Structures are given as structure tokens and as C-alpha cells.
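Notes follow once the structure below has been shown.
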Amino acid sequence: MACHPIIERYIADLSARLTAGPRRWRTAVLDEIRDSLMEGMDAHAATTGDPAVAARHAVQEHGPADQIASAYAPELVAAWTRRAGRLALAAIPTMAIVWNLALRVGPTSAWHPYGTGLHIAAALIGSGVCLTVVCATAALLGTGRLVRVVGDHLPTLRFGVCAASASVSIAILALLSVVTARAVTAPTSLQWPAILTALALTLTALTTIGHTAYRCATSSIPVQNHTSGAIADPWAPAAGQEP
Amino acid sequence: MGASLAVALLPMRPEVLKGHLDAMLLAVLERGALHGYAIIEALRVGSGDRFDLPTGTIYPALHRLEKAGLVDSTWSVVSGRRRRSYELTTTGRQTLTDERHGWHEFVTGVSSLLENPWPATP
């Protein structure tokens, strides 16, 4: 049976309320709901014989779109937390490889003139990497299977993964400061095409990490009940319904 | 009067069901893999039409169980639509056994209190 316009309208309404989610997660959620509604519609059509009535029943059984979107809020935050954690962790080996290659292809010369600066940058990079690994790993484990053991600590884990994103960004910026110092004092020691390529990749990584961390930090999305302003509880009885 | 009051106070209220939803979902999946709508139907039929949940709220609960490693999900294509089916993992089976044990303990305790009221102190 083809998807009924009533169901499509409901899916579109729900989709508009789930825009904060990663695209793949959102597609999976909407595909699953569409299949469920179509199954419900088929079941009701067998008794009512009217596809429109059957589609309306299926949508009513599924629940109001704002309440359903609200029920997905914790999952949405967990999805952004996991994505931010994976990105922060992936950035460490990626940046290490990219800049190792970019600096190795140029002519070699000593780095000792920037001894103190190098030490400060190395300390920032080292501590940033350590903090990133700890916070991002904790966030990935805590939003994964360990949730059964340690319980639900999503707000803390979200804060942790934002700290991981900030730490890895600071580490990358410290690395860039070292390269900048090298570029200013010994420009001939660098292979510029390789440096500019690495720089482009680095800026892309920083932008992606920042964007994901921002979405993670701001995607609390308690859906407001449009009539009362209260946060919708999908388990609460509908208005006018006896508890 | 007594019967109607009993119906009104039966533990079918959504906030009561919410606390037991995970265990009920695990129980429904015990017999094998099911897709979302079939799970909802199994909950409805299995409860003798007593549980009337907004079906859309079942899916976040299933996803939460999957994150916790208690169920696994697989995607297939049926009638041109993507369908997600769920099944219990070994850990999920063990958790269901534990939940059953805990539930029996709880019911036994509550039943003994409700059905054998504590004698009034003279």
C-alpha cells in the first residue's frame, strides 16, 4: 500500500521537529516511524476499509508529533555527544599524520632557536591530547553499553565531550603556533604546498569539531508544549483524558 | 463501586507503565525478532488490551535498550520500505531473567500487604 498523505504530513511534521539531529540518525528514525505507521494503517484498513480513516487512526495511535519528538531528545543529545567524541578522538592521529608528513617533506634544520616556545606548545599539545582521550573515551563508553552499568549521566558526558573538543582544538592551535613560528623565522625550511594543504585540512577539522561541539552543547531540546509552555511529557495523559 | 474504583486504580496508568516498559519490551522479544509495530501489537495483545501507550514512544525505549546492549537491531526492506527489527542479546536475556525475579519479589511483597492487611494495634 502506498504511503498515505496523512502519514506523509505527520512524518513531515515530525521531521521538522527533529532537525537538530545528525542526518543519518534522523533518516533512520523517520524510516522506522514511517514503516510503523504504514503497518498500523494496513491493520486498520483491514477492518475499516477506508484508507484515510485507517491512516488517521495510525497517526493518532502513534502520538502527537511534539510529544514524540520530545521522547527522542535524550537520544538526540547522545547522538551528538557520540559524534563529537569520535571526531575529537579521530582528530588526534589525523593531525599527527598530516603535520608529520607536511613538515618532513621540507628541508631539515634545527628547531632549537624556539626551545621555550616549543616546550610550552609541547605541554599544551600533550595535556590537550590526554584530556581529549580521557573525556572523549568516557563519553563514548558512557553513552554506549556502559550505560547499563554506570547509569545515565548524559549531562555530565555532554559537558565532558565539549571539554574534549576544546582540548583537542587547543592542542591543534598549539601545533599551528609552532608551525607559524617556524614559517616566520625560517620560511625556507618549509615545503609550502604541503604546509598549505595541511593547514586547509586542519581548519576543516577545527570547523567540524567546533560545529559538532556547538550542536552537542545546544541540543537539549526539551520540546515546549505550545499551549501551556510546559515541557511535553509523552507519558502524560492527553488533555481532557482521565488519568 | 469497588469494581469501578479498582479499574481506575489498576497499574495501567502511563507513569506506572513507564517504569516497567524496558522489562515488558524484553519479555515481548523473548520469543524472537520482531519489528516495531509487531512489538507494539504484542504488548497490546499480551496485556489483553490493557496497555494503551502512544506507540511512538516505544521506539526511543527500544533504541535505549540497544545502546545498553540488551537488544540488537537489523534493517531490511519489506514492501519497498526500510524496516528495523529487534532481537534480544544474551545480556538482554539475562537481564530479563533478573527483571522477572525482581518483579516476582515485588509482587509477592505488595500482594502480601494488600491481601493480608496488617492487624490493627489494639
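How things are named: the first chain in the C-alpha cells is A, the next is B, and so on; residues count from 1 in each chain; ligands count from 1 in the order shown.
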Distance-based interface of chain B with chain A, 8 Å, counting only C-alpha atoms, as a PDB file with N, CA and C atoms, in the first residue's frame:
```
ATOM      1  N   ARG B  13      -1.798   3.085  34.281  1.00  0.00           N
ATOM      2  CA  ARG B  13      -1.550   4.486  34.004  1.00  0.00           C
ATOM      3  C   ARG B  13      -0.170   4.619  33.369  1.00  0.00           C
ATOM      4  N   PRO B  14      -0.040   5.567  32.433  1.00  0.00           N
ATOM      5  CA  PRO B  14       1.233   5.677  31.712  1.00  0.00           C
ATOM      6  C   PRO B  14       2.436   5.816  32.624  1.00  0.00           C
ATOM      7  N   GLU B  15       2.332   6.622  33.686  1.00  0.00           N
ATOM      8  CA  GLU B  15       3.514   6.822  34.538  1.00  0.00           C
ATOM      9  C   GLU B  15       3.900   5.546  35.273  1.00  0.00           C
ATOM     10  N   LYS B  18       5.547   3.261  32.550  1.00  0.00           N
ATOM     11  CA  LYS B  18       6.866   3.762  32.147  1.00  0.00           C
ATOM     12  C   LYS B  18       8.001   3.042  32.879  1.00  0.00           C
ATOM     13  N   GLY B  36       9.071  -2.988  14.916  1.00  0.00           N
ATOM     14  CA  GLY B  36       8.436  -2.075  15.858  1.00  0.00           C
ATOM     15  C   GLY B  36       6.937  -2.272  16.014  1.00  0.00           C
ATOM     16  N   TYR B  37       6.209  -2.298  14.919  1.00  0.00           N
ATOM     17  CA  TYR B  37       4.749  -2.394  15.023  1.00  0.00           C
ATOM     18  C   TYR B  37       4.331  -3.735  15.633  1.00  0.00           C
ATOM     19  N   LEU B  53      -0.450   2.679  25.029  1.00  0.00           N
ATOM     20  CA  LEU B  53       0.637   3.651  25.037  1.00  0.00           C
ATOM     21  C   LEU B  53       0.656   4.435  23.737  1.00  0.00           C
ATOM     22  N   PRO B  54       1.176   5.682  23.752  1.00  0.00           N
ATOM     23  CA  PRO B  54       1.460   6.333  22.472  1.00  0.00           C
ATOM     24  C   PRO B  54       2.565   5.525  21.803  1.00  0.00           C
ATOM     25  N   THR B  55       2.240   4.871  20.694  1.00  0.00           N
ATOM     26  CA  THR B  55       3.182   3.886  20.151  1.00  0.00           C
ATOM     27  C   THR B  55       4.525   4.499  19.761  1.00  0.00           C
ATOM     28  N   GLY B  56       4.497   5.801  19.449  1.00  0.00           N
ATOM     29  CA  GLY B  56       5.742   6.456  19.057  1.00  0.00           C
ATOM     30  C   GLY B  56       6.780   6.479  20.149  1.00  0.00           C
ATOM     31  N   THR B  57       6.360   6.340  21.397  1.00  0.00           N
ATOM     32  CA  THR B  57       7.324   6.394  22.497  1.00  0.00           C
ATOM     33  C   THR B  57       8.024   5.057  22.724  1.00  0.00           C
ATOM     34  N   PRO B  60      12.022   5.165  21.042  1.00  0.00           N
ATOM     35  CA  PRO B  60      13.172   5.633  21.840  1.00  0.00           C
ATOM     36  C   PRO B  60      13.562   4.629  22.927  1.00  0.00           C
ATOM     37  N   HIS B  63      15.552   1.921  21.285  1.00  0.00           N
ATOM     38  CA  HIS B  63      16.891   2.416  20.953  1.00  0.00           C
ATOM     39  C   HIS B  63      17.775   2.468  22.207  1.00  0.00           C
ATOM     40  N   ARG B  64      17.144   2.847  23.324  1.00  0.00           N
ATOM     41  CA  ARG B  64      17.889   2.900  24.580  1.00  0.00           C
ATOM     42  C   ARG B  64      18.355   1.496  24.985  1.00  0.00           C
ATOM     43  N   LYS B  67      21.309   0.589  22.833  1.00  0.00           N
ATOM     44  CA  LYS B  67      22.531   1.262  23.306  1.00  0.00           C
ATOM     45  C   LYS B  67      23.117   0.526  24.517  1.00  0.00           C
ATOM     46  N   ALA B  68      22.219   0.010  25.342  1.00  0.00           N
ATOM     47  CA  ALA B  68      22.670  -0.688  26.554  1.00  0.00           C
ATOM     48  C   ALA B  68      23.109  -2.115  26.261  1.00  0.00           C
ATOM     49  N   GLY B  69      22.984  -2.543  25.000  1.00  0.00           N
ATOM     50  CA  GLY B  69      23.425  -3.886  24.625  1.00  0.00           C
ATOM     51  C   GLY B  69      22.438  -4.985  24.971  1.00  0.00           C
ATOM     52  N   ARG B  81       9.786  -0.612   1.818  1.00  0.00           N
ATOM     53  CA  ARG B  81      10.037   0.255   2.971  1.00  0.00           C
ATOM     54  C   ARG B  81      11.171  -0.328   3.808  1.00  0.00           C
ATOM     55  N   ARG B  82      11.994   0.572   4.372  1.00  0.00           N
ATOM     56  CA  ARG B  82      13.045   0.119   5.294  1.00  0.00           C
ATOM     57  C   ARG B  82      12.395  -0.272   6.609  1.00  0.00           C
ATOM     58  N   ARG B  83      12.770  -1.440   7.108  1.00  0.00           N
ATOM     59  CA  ARG B  83      12.177  -1.938   8.353  1.00  0.00           C
ATOM     60  C   ARG B  83      13.281  -2.336   9.322  1.00  0.00           C
ATOM     61  N   ARG B  84      13.108  -1.949  10.567  1.00  0.00           N
ATOM     62  CA  ARG B  84      14.097  -2.279  11.595  1.00  0.00           C
ATOM     63  C   ARG B  84      13.502  -3.323  12.523  1.00  0.00           C
TER      64      ARG B  84
END
```
ask   = Among range 2-65 of chain A, which residues carry a DSSP assignment of alpha helix (DSSP H), reported as a ChimeraX atom specification?
value = /A:5-17,23-48,51-62,65
Mind checking which residues fall within 7 Å of range 89-101 of chain A, counting only C-alpha atoms, ignoring those fewer than 3 positions away in the same chain, and posting them as a PDB file with N, CA, C and O atoms, in the first residue's frame?
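Contents of the output file selection.pdb:
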```pdb
ATOM      1  N   GLY A  85      32.551  13.068  20.331  1.00  0.00           N
ATOM      2  CA  GLY A  85      33.614  12.262  20.928  1.00  0.00           C
ATOM      3  C   GLY A  85      34.454  11.565  19.866  1.00  0.00           C
ATOM      4  O   GLY A  85      35.681  11.549  19.936  1.00  0.00           O
ATOM      5  N   ARG A  86      33.781  10.989  18.880  1.00  0.00           N
ATOM      6  CA  ARG A  86      34.508  10.292  17.796  1.00  0.00           C
ATOM      7  C   ARG A  86      35.384  11.272  17.016  1.00  0.00           C
ATOM      8  O   ARG A  86      36.521  10.966  16.665  1.00  0.00           O
ATOM      9  N   ARG A 104      57.887  16.894   7.304  1.00  0.00           N
ATOM     10  CA  ARG A 104      59.013  16.034   6.920  1.00  0.00           C
ATOM     11  C   ARG A 104      59.427  16.215   5.467  1.00  0.00           C
ATOM     12  O   ARG A 104      60.571  15.950   5.121  1.00  0.00           O
ATOM     13  N   VAL A 105      58.496  16.647   4.630  1.00  0.00           N
ATOM     14  CA  VAL A 105      58.852  16.762   3.208  1.00  0.00           C
ATOM     15  C   VAL A 105      59.721  17.990   2.943  1.00  0.00           C
ATOM     16  O   VAL A 105      60.342  18.098   1.890  1.00  0.00           O
ATOM     17  N   THR A 132      41.687  15.056  26.007  1.00  0.00           N
ATOM     18  CA  THR A 132      40.760  14.668  24.941  1.00  0.00           C
ATOM     19  C   THR A 132      40.486  13.167  24.985  1.00  0.00           C
ATOM     20  O   THR A 132      39.333  12.726  24.916  1.00  0.00           O
ATOM     21  N   VAL A 133      41.563  12.393  25.097  1.00  0.00           N
ATOM     22  CA  VAL A 133      41.405  10.930  25.103  1.00  0.00           C
ATOM     23  C   VAL A 133      40.537  10.494  26.281  1.00  0.00           C
ATOM     24  O   VAL A 133      39.598   9.695  26.120  1.00  0.00           O
ATOM     25  N   ALA A 136      36.749  12.097  25.826  1.00  0.00           N
ATOM     26  CA  ALA A 136      36.009  11.557  24.677  1.00  0.00           C
ATOM     27  C   ALA A 136      35.744  10.060  24.859  1.00  0.00           C
ATOM     28  O   ALA A 136      34.659   9.564  24.533  1.00  0.00           O
ATOM     29  N   ALA A 198      48.077  20.950   4.515  1.00  0.00           N
ATOM     30  CA  ALA A 198      47.847  20.537   5.906  1.00  0.00           C
ATOM     31  C   ALA A 198      47.028  21.580   6.650  1.00  0.00           C
ATOM     32  O   ALA A 198      46.151  21.250   7.452  1.00  0.00           O
TER      33      ALA A 198
END
```
query = From the set A:Arg82, A:Ser15, A:Val129, A:Trp192, which residue has the shortest atom-to-atom contact distance to Leu141 in chain A, counting only C-alpha atoms?
reply = A:Arg82
